[in-house]
Each structure stands twice: as structure tokens, then as C-alpha cells.
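See below for the structure under consideration.
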Amino acid sequence: FSDGKNTSLENSLYIPDSQISWAMYGELENNVLFYKFEADQKEPLYVSVVIPMLEGLEDFTPSLAIIAQYQNIGMLSLHTGEKNTSVPFSLPDGYQAIVFDYDSNLTANVFYEPFTQVNYWERQEVKIDGINPGTYYLAVFNTSENGKFALAVGEVEDFSNANFFDSFVRAWFETKIFFEDYLTATVSIVIVITIFSAIGYGIFRIARRIITRRRK
């Protein structure tokens, strides 16, 4: 989850390793959201866009742009067959974009995410066997409609450096809020508070017994 300030190339949300699987949640509100990663060597690239299954987003199809230096853009076009380079924002000198729009059946493919127990409508999916070293940007935009989406990058599942609270507990709650499932989030918070309260009360009772025995 980002703070929503990645609305320019300069403020792009940085992806530390594009080979590791990341899911980045965002919401378009008459803006463009940008992401950045570095390829240190020739490596594969996986990018996809999914839409949370929420009422009103059935027809939401944001565009995905991969932005690269001129010398690398040809590789992207060659491997994907995509030729569209028109974007509604300016690009820095030496960079060009390849745009991927979604034009298939809107609700044909549904993806279920078991950890957070939520469903998504699948949109664009881009797989490239090898991209050249360089700096790359991703942009998600829609010139006519606003809505929520998740941008996935990388296919390697690696939790070796994950923080348990941020990567699991906090992510689970924030996903429920993102999906507007406030009831589940609230009930879960109440359950967690109840459990910790019970544990705290039990510790208090044990401590009081120990103190009472010592006084006797």
C-alpha cells in the first residue's frame, strides 16, 4: 500500500527487486500512479493488473504502461508485439512508453487470493523472457474512469526478509479495508483485543497470586 503520492515519475513508488512477487494496491482519482525498478542484468519481467471484485468496478479497465529508455523500448515491443506508445503524460528525454490496454472479456477470469480471502478480476498480464539492464517505470492510468486496482510485479515468492507484522497482519487488515470489508476487519480487531485482554488478565491473576503468597 502506498500513500498515494506516487503521481509523478519523480515520486514513483520504488520496487526493490522486480523478480520478487509484490502486490501494490492503488486507487486512480483523476491521476496517474507511477512505479520504478532497476534491472541490473538481463532478466525476465512479469507485470499484471487485477481489479478488486467490488460493485461498480466490473467495467474498470485501467491502462498499463511500461516506460524505458529508447535503447530498451524496442526489446519490449519485440517481445510483446505491442506498438501503442501514446500516454497522457510527459516523459523525460530519452524515454518512451509501451501501453497495454485490456480488450478481452471483462469478467471472464477471476483470481482468488487465499491469504486475504478476496477475489479479483484479472486484466492485463505481461510476460517478457528478458529485458535489458536499465531503469524502468510502470504507470497505471485511465483517462475516463476512476477506481481501485492492484499491480503485481515478479513471480518469486520470497518472505525471507519480511516483517511479520507488516507483511502479514497489517497487510491482511489493510486489504480488508481496501475491499471495503469493514465488518470482517472490525470483528477481527475485537477478537484480537479480546484475546490479548484475556492473556493480560491471566498474567495479572498469576502475578497477584505470587505476590500474595510472598506476603504470607
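Residue numbering restarts at 1 for every chain of the C-alpha cells, chains are lettered A, B, ... in their displayed order, and ligands are numbered from 1 as they appear.
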Got a sec: who's within 12 Å of region 53-58 of chain A, counting only C-alpha atoms, leaving out chain neighbours fewer than 5 positions off, as a list in words? Glu27, Leu28, Asn105, Leu106, Thr107, Ala108, Asn109, Val110, Phe111, Tyr112, Glu113, Gln117, Val118, Asn119, Tyr120, Trp121, Glu122, Arg123, Glu145, Asn146, Gly147, Lys148, Phe149, Ala150, Lys176, Phe178, Phe179, Glu180 and Asp181 of chain A
Non-local contacts of region 129-137 of chain A (6 Å; only C-alpha atoms; under 4 positions in same chain excluded) as a list in words: Tyr35, Lys36, Phe37, Glu38, Ala39, Asp40, Gln41, Lys42, Glu43, Pro44, Ile66, Ile67 and Ala68 of chain A
Near Phe100 (chain A), counting only C-alpha atoms, which residues have an atom at most 10 Å away, once you skip same-chain residues fewer than 4 positions from it, shown as a PyMOL selection string? chain A and resi 62-66+80+82-85+124-126+140
Residues at most 12 Å from Gly81 (chain A), counting only C-alpha atoms, excluding those fewer than 2 positions away in the same chain, as an NGL selection string? :A and (73-79 or 83-84 or 98-100 or 126-128)
Return as a PyMOL selection string the full set of residues in region 40-189 of chain A whose backbone-based DSSP assignment is helix (DSSP H, G or I). chain A and resi 70-80+164-178+182-189
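Take the candidates A:Tyr46, A:Leu33, A:Gln19, A:Ala152 and check each one against Asp3 (chain A) using only C-alpha atoms; the shortest distance goes to A:Leu33.
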